[in-house]
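**Q** Right, I'll just put the structure down here and ask away after.
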Amino acid sequence: MSGYWARRTGSALLVLGLVLVLNFVLFRMMPGDPVASIIDPNFSPDAKAQLSALYGLDKPLPVQFLLYVKSTLSFDFGISFLTGRPVMEELRSRVPNTVALLGTSLLLSSFLGTWLGMKAALKRGSLLEKCVLWSGALSFSFPSFFVQLVLLMAFAATLPLFPLRGTLSVPPPPGGFALVRDYLWHMALPIFSLVLLGFGGWALYVRNLMVKILGEDFILLARARGLPRKNIIRGHAFRTLLPPLLTIFLLSLPGVVSGAVITETVFSLHGVGRFLLEAVTGHDYPAAGASFFLLALLTVACNLLSDVLYGITDPRVRLDRGAQR
Amino acid sequence: MRGLLKRWSFWCLMILVLAALFGNRLFDAPPGAEVAAAFSKPLWLDRTLPPTLELALTPEKPSLELDWTYGSPSRFSLRVETAHSAPDRFVEWRIPDREEPFRLTPLRTGTELDGRDISFKRSLGLPPFGDASSALFPARGAYSLSVSGEGDWQGSVTIRLEGGRWGLLGTDQRGRDIAALFTAGIRVSLLVGIFATLLATILGTSLGLAAGYAGGWADSIIMRVVDLLLSIPLLPILMALAALWGKGLWQLILILSVFSWMGTARTIRALALTLRDAPYIEGLRGLGARTGYILRRHLLPETLPVLLATMTLGVPGAILSEAGLSFLGLSDPRVISWGRMLHEAQSFGAFTAGAWWMLLPPGFGIALLCLVFLDLGKYLEERVDPRLRGGGPS
């Protein structure tokens with residue numbers, strides 16, 4: 001039984017290792033000399049060499065890679081080229097915002113989607129089912145930034161109900177309660193937009209899975225045994241739905257994290273995603289590498305978490321026979 | 001094939017392809033040209049605003065009557081081109097409630113006047129501030145433009161009035177026609193969507209076949225890479241690569257295809273795994289057929305219908321990725337695309353101008369194109385696997 005956990009942790013670590021390699025290669029390949037942006041062309045070759053030595057750029061690549069891995073794993077990302085402050089300091093204030101944005105919207109949209117999808121599957125041919133099918137198709141075809149821009153234009157620019165930009169008012173209101181209220185007021189529209197964009201896909205998946213499950217023999221058997229309808233749906237059908245639901249959750253994570261970049265850009269939120277965009281466009285390699293690593297770490301951690309949950313909900317995968325899924 | 005002709009999406013796609021190929025010939029100016037005042041509304045939106053007009057005087061038509069029912073236009077400009085200059089003859093502008101006409105300029109070739117020029121305003125006896133058009137268009141009523149004096153002249157006198165309205169869909173922050181930009185954007189979206197998926201499909205098919213048919217270490221390596229790419233957020237990598245490789249259209253297509261072959265590879269691998277042990281393939285192997293021959297002549301044709309469906313269903317993903325990258329400002333600013341239009345709408349003040357007409361056309365364009373390909377893909381999927389038939393959209 002412990003073999004399953006060990007395997008999942010091992011594969012998460014492997015992914016993390018590959019992310020490290022990718023990160024190193026990707027940002028080492030970026031155009032320009034990494035120190036070029038802080039070196040003045042008038043510097044003497046000696047000074048240049050000293051700077052290169054300071055950043056460890058004179059060492060052979062494998063040594064550079066090991067140094068990089070060591071500093072990354074201790075969350076020491078160096079100093080941002082653009083702001084001149086340690087990257088970790090910049091990120092520390094941004095990570096909570098990104099986690100709050102993604103976590104809240106993911107939870108809300110998955111609950112709403114699951115609920116609607118089950119309703120739709122139980123009422124085949126109803127108006128609700130048609131709505132669910134259409135909302136699924138629409139959520140796959142409307143670009144997220146477009147929907148968010150329209151919401152922003154409607155509810156922030158035309159009707160000034162919500163703020164146009166930012167995570168907090170400038171200057172932030174004093175006092176704990178006012179601060180929380182201001183934060184929620186700023187986050188409401190981004191979270192609403194992500195739920196609006198996300199629930200359709202969930203509802204569609206859940207509806208399709210549920211329709212399949214409701215056609216299985218064990219549901220028929222449960223009905224023949226005279227079990228109450230509520231019991232069949234909650235105890236039998238929903239229980240069977242959970243493991244594949246977790247798989248979808250797992251598969252949707254990278255896309256959700258990618259979406260953070262776009263959402264934070266549209267709403268000008270103080271988060272990791274927008275930091276990454278600014279770093280990439282401003283050729284700020286330490287900052288770009290660090291934000292990418294953090295976003296990947298977030299994804300891998302959530303992956304591991306849903307793997308654990310998967311093991312709990314589906315005993316087959318924990319036992320040796322069902323090792324593959 | 002008859003089923004295809006009954007699909008709305010097929011006809012929609014045909015119209016879009018035709019528009020992408022020939023649509024820009026409907027417009028007088030190329031799509032990037034500035035044609036009217038910035039943030040002009042669509043013509044049909046607000047009928048009280050003056051439209052953008054260009055009026056020309058020629059020897060055949062020496063005077064123009066204009067019945068003006070709007071406020072003053074935001075810009076007024078005039079251009080004279082004649083074969084022989086005639087300094088004693090003037091271009092005259094007659095306005096209601098004033099006896100004397102304005103003598104705008106002598107008939108001298110190459111004259112270009114703008115309502116904002118101070119010398120022009122002073123020659124008309126107007127204060128040096130603001131645009132001359134408010135004095136030239138003080139009220140509603142009958143206006144006329146003519147050339148004073150007797151006798152023939154050659155060439156043309158053109159006046160141009162920039163109002164707050166232009167074309168079918170208005171203009172953007174640089175005064176470019178949004179309808180023309182929209183039409184140009186179809187081409188980019190179609191091009192990126194189709195070619196990126198095509199490349200990704202080729203990549204995914206070859207890797208999937210290799211993994212499924214060869215098995216062994218090739219299989220485990222390829223599937224590990226697939227797992228990795230499916231479990232990390234790809235947009236940051238795409239962003240870094242777009243910044244790294246330059247922003248051209250073809251680089252973008254290449255980058256997108258390198259990171260979107262995983263689904264196809266999985267599907268093809270599963271198919272190849274089942275086919276590998278099929279009796280007829282074993283028979284072929286027994287007859288001494290080479291692996292390349294089996295892959296090319298038997299496995300590939302077997303996977304083609306599935307490939308067609310997965311390819312069509314993959315196009316929306318590529319279109320959305322391209323639009324996303326352009327929206328983040330990581331595309332070539334010279335290439336007009338729908339994502340770029342949305343980027344400019346956000347970055348250059350569509351919100352403060354309330355210019356919603358900059359937002360809706362590209363957004364709905366992307367969504368329409370994606371829905372078209374989703375519907376076509378669903379149709380192809382049903383053709384491949386008739387069990388899927390029935391049920392609603394997507």
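Following the order of the structure tokens, first chain is A, next is B, and so on, with residues numbered from 1 inside each chain and ligands from 1 in the order they appear.
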Residues near Ser146 (chain B), anyone? I mean within 7 Å using only C-alpha atoms, not counting same-chain ones fewer than 3 positions away, as a PyMOL selection string.

**A** chain B and resi 62-64+91-93

**Q** Residues as selected, N, CA and C atoms, written as a PDB file, in the first residue's frame, can you do that?

**A**
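Saved result, again_27.pdb, follows:
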```
ATOM      1  N   PRO B  62     -18.140  71.900 -60.434  1.00  0.00           N
ATOM      2  CA  PRO B  62     -17.404  73.009 -59.821  1.00  0.00           C
ATOM      3  C   PRO B  62     -17.956  73.471 -58.482  1.00  0.00           C
ATOM      4  N   SER B  63     -19.134  73.035 -58.069  1.00  0.00           N
ATOM      5  CA  SER B  63     -19.579  73.448 -56.739  1.00  0.00           C
ATOM      6  C   SER B  63     -20.317  72.299 -56.064  1.00  0.00           C
ATOM      7  N   LEU B  64     -20.256  72.322 -54.747  1.00  0.00           N
ATOM      8  CA  LEU B  64     -20.848  71.240 -53.964  1.00  0.00           C
ATOM      9  C   LEU B  64     -21.844  71.829 -52.986  1.00  0.00           C
ATOM     10  N   VAL B  91     -10.861  79.073 -53.355  1.00  0.00           N
ATOM     11  CA  VAL B  91     -11.828  78.053 -52.942  1.00  0.00           C
ATOM     12  C   VAL B  91     -12.695  78.686 -51.877  1.00  0.00           C
ATOM     13  N   GLU B  92     -13.990  78.712 -52.117  1.00  0.00           N
ATOM     14  CA  GLU B  92     -14.879  79.432 -51.201  1.00  0.00           C
ATOM     15  C   GLU B  92     -15.792  78.476 -50.451  1.00  0.00           C
ATOM     16  N   TRP B  93     -16.002  78.821 -49.210  1.00  0.00           N
ATOM     17  CA  TRP B  93     -16.836  77.990 -48.323  1.00  0.00           C
ATOM     18  C   TRP B  93     -17.963  78.853 -47.798  1.00  0.00           C
TER      19      TRP B  93
END
```

**Q** Could you list, as a list in words, every residue of chain A that has an atom within 7 Å of an atom of chain B, counting only C-alpha atoms?

**A**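 Every residue of chain A that passes the 7 Å test is in Val15, Met30, Pro31, Lys130, Leu133, Trp134, Ala137, Ser141, Phe142, Pro143, Phe146, Met153, Ala157, Pro254, Gly255, Val257, Ser258, Val280, Thr281, Phe292, Ala296 and Thr299 of chain A.
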
**Q** Nearest to Trp68 (chain B): which of B:Phe137, B:Phe195, B:Phe129, B:Trp217 is it, counting only C-alpha atoms?

**A**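 Using only C-alpha atoms, the shortest distance to Trp68 (chain B) belongs to B:Phe137.
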
**Q** Could you jot down the CA of Pro50 (chain B) to CA of Gly170 (chain B) separation for me, Å, one decimal place?

**A**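 Interatomic distance here is 12.9 Å.
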
**Q** At a cut-off of 8 Å, using only C-alpha atoms, what residues contact Pro138 (chain B)? Leave out same-chain residues fewer than 4 positions from it and give the result as a list in words.

**A**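 Using only C-alpha atoms, the neighbours found are Gly71, Ser72 and Ser134 of chain B.
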
**Q** Identify all residues of region 16-168 of chain B in helix (DSSP H, G or I) (DSSP on the backbone) and supply them as a JSON list (two decimals) with N, CA and C atoms, in the first residue's frame.

**A**
```
[["chain", "number", "residue", "atom", "x", "y", "z"],
["B", 16, "LEU", "N", -15.86, 32.14, -43.91],
["B", 16, "LEU", "CA", -14.69, 32.73, -43.26],
["B", 16, "LEU", "C", -13.44, 32.60, -44.13],
["B", 17, "VAL", "N", -13.30, 31.44, -44.78],
["B", 17, "VAL", "CA", -12.12, 31.24, -45.64],
["B", 17, "VAL", "C", -12.17, 32.22, -46.81],
["B", 18, "LEU", "N", -13.37, 32.36, -47.41],
["B", 18, "LEU", "CA", -13.50, 33.32, -48.52],
["B", 18, "LEU", "C", -13.18, 34.74, -48.04],
["B", 19, "ALA", "N", -13.68, 35.07, -46.84],
["B", 19, "ALA", "CA", -13.43, 36.41, -46.30],
["B", 19, "ALA", "C", -11.94, 36.60, -46.05],
["B", 20, "ALA", "N", -11.28, 35.53, -45.59],
["B", 20, "ALA", "CA", -9.84, 35.64, -45.33],
["B", 20, "ALA", "C", -9.08, 35.85, -46.63],
["B", 21, "LEU", "N", -9.55, 35.19, -47.71],
["B", 21, "LEU", "CA", -8.83, 35.28, -48.97],
["B", 21, "LEU", "C", -9.10, 36.59, -49.69],
["B", 22, "PHE", "N", -10.39, 36.97, -49.75],
["B", 22, "PHE", "CA", -10.75, 38.10, -50.61],
["B", 22, "PHE", "C", -11.34, 39.28, -49.85],
["B", 23, "GLY", "N", -11.58, 39.12, -48.55],
["B", 23, "GLY", "CA", -12.31, 40.13, -47.79],
["B", 23, "GLY", "C", -11.69, 41.51, -47.85],
["B", 24, "ASN", "N", -10.35, 41.57, -47.82],
["B", 24, "ASN", "CA", -9.73, 42.88, -47.73],
["B", 24, "ASN", "C", -9.80, 43.67, -49.04],
["B", 25, "ARG", "N", -10.23, 43.00, -50.13],
["B", 25, "ARG", "CA", -10.41, 43.75, -51.37],
["B", 25, "ARG", "C", -11.66, 44.62, -51.31],
["B", 26, "LEU", "N", -12.55, 44.33, -50.35],
["B", 26, "LEU", "CA", -13.76, 45.13, -50.24],
["B", 26, "LEU", "C", -13.46, 46.51, -49.68],
["B", 118, "ILE", "N", -2.20, 76.99, -37.55],
["B", 118, "ILE", "CA", -2.43, 78.35, -37.06],
["B", 118, "ILE", "C", -2.51, 79.33, -38.23],
["B", 119, "SER", "N", -1.63, 79.17, -39.23],
["B", 119, "SER", "CA", -1.65, 80.12, -40.35],
["B", 119, "SER", "C", -2.97, 80.04, -41.09],
["B", 120, "PHE", "N", -3.50, 78.88, -41.22],
["B", 120, "PHE", "CA", -4.79, 78.71, -41.89],
["B", 120, "PHE", "C", -5.88, 79.43, -41.11],
["B", 121, "LYS", "N", -5.88, 79.25, -39.78],
["B", 121, "LYS", "CA", -6.90, 79.88, -38.95],
["B", 121, "LYS", "C", -6.77, 81.40, -39.01],
["B", 122, "ARG", "N", -5.52, 81.89, -39.03],
["B", 122, "ARG", "CA", -5.33, 83.35, -39.06],
["B", 122, "ARG", "C", -5.75, 83.92, -40.40],
["B", 123, "SER", "N", -5.51, 83.17, -41.47],
["B", 123, "SER", "CA", -5.91, 83.67, -42.79],
["B", 123, "SER", "C", -7.43, 83.75, -42.89],
["B", 133, "SER", "N", -12.69, 73.76, -37.62],
["B", 133, "SER", "CA", -13.94, 73.17, -38.08],
["B", 133, "SER", "C", -15.14, 73.69, -37.30],
["B", 134, "SER", "N", -14.94, 74.11, -36.03],
["B", 134, "SER", "CA", -16.10, 74.60, -35.29],
["B", 134, "SER", "C", -16.57, 75.94, -35.86],
["B", 135, "ALA", "N", -15.63, 76.73, -36.40],
["B", 135, "ALA", "CA", -16.03, 77.99, -37.03],
["B", 135, "ALA", "C", -16.56, 77.75, -38.44],
["B", 136, "LEU", "N", -16.01, 76.74, -39.10],
["B", 136, "LEU", "CA", -16.45, 76.45, -40.47],
["B", 136, "LEU", "C", -17.78, 75.72, -40.48]]
```

**Q** Would you mind telling me which residue in A:Arg234, A:Leu250, A:Leu221, A:Phe27 lies nearest to Val300 (chain A) when using only C-alpha atoms?

**A**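 With only C-alpha atoms as the atom set, the closest residue is A:Leu250.
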
**Q** Nearest residue to Ile191 (chain A) out of A:Ala100, A:Leu242, A:Leu251, A:Ala279, using only C-alpha atoms?

**A**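 That would be A:Ala100, the residue with the smallest distance to Ile191 (chain A).
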
**Q** So that I can see what lies close to region 152-156 of chain B, please list as a VMD selection string the residues with an atom at most 9 Å from it, counting only C-alpha atoms and leaving out residues fewer than 2 positions away in the same chain.

**A** chain B and resid 56 to 59 79 to 86 109 150 158

**Q** Using only C-alpha atoms, which residues sit within 12 Å of Leu122 (chain A) once same-chain residues fewer than 3 positions away are excluded, as a JSON list (two decimals) with C-alpha atoms, in the first residue's frame?

**A**
```json
[["chain", "number", "residue", "atom", "x", "y", "z"],
["A", 115, "TRP", "CA", -23.85, 20.17, -9.04],
["A", 116, "LEU", "CA", -25.18, 21.37, -12.40],
["A", 117, "GLY", "CA", -23.70, 18.42, -14.27],
["A", 118, "MET", "CA", -25.36, 15.90, -11.95],
["A", 119, "LYS", "CA", -28.68, 17.73, -12.22],
["A", 125, "GLY", "CA", -33.57, 16.17, -22.34],
["A", 126, "SER", "CA", -34.47, 19.02, -20.00],
["A", 128, "LEU", "CA", -31.07, 22.48, -17.91],
["A", 129, "GLU", "CA", -29.24, 19.74, -19.80],
["A", 206, "VAL", "CA", -19.69, 15.57, -14.95],
["A", 207, "ARG", "CA", -22.83, 15.25, -17.04],
["A", 208, "ASN", "CA", -21.11, 12.91, -19.53],
["A", 209, "LEU", "CA", -19.57, 10.78, -16.76],
["A", 210, "MET", "CA", -22.81, 10.67, -14.82],
["A", 211, "VAL", "CA", -24.84, 9.61, -17.85],
["A", 212, "LYS", "CA", -22.39, 6.76, -18.36],
["A", 213, "ILE", "CA", -22.45, 5.73, -14.70],
["A", 214, "LEU", "CA", -26.24, 5.83, -14.49],
["A", 215, "GLY", "CA", -26.35, 3.33, -17.34],
["A", 229, "ARG", "CA", -33.33, 7.26, -5.29],
["A", 230, "LYS", "CA", -31.41, 9.67, -3.08],
["A", 232, "ILE", "CA", -28.49, 5.55, -5.23],
["A", 233, "ILE", "CA", -27.40, 8.97, -6.45],
["A", 237, "ALA", "CA", -23.39, 7.09, -8.46],
["A", 238, "PHE", "CA", -21.60, 10.03, -6.84]]
```

**Q** Taking only C-alpha atoms into account, which of B:Leu203, B:Pro127, B:Tyr70, B:Ile159 comes nearest Ala139 (chain B)?

**A** B:Tyr70

**Q** If I take CA of Met223 (chain B) and CA of Val384 (chain B), how far is one from the other in Å, to one decimal?

**A** 25.4 Å

**Q** In Å, rounded to a single decimal, give me how far CA of Leu126 (chain B) is from CA of Pro87 (chain B).

**A**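 Taking CA of Pro87 (chain B) and CA of Leu126 (chain B), their separation equals 21.7 Å.
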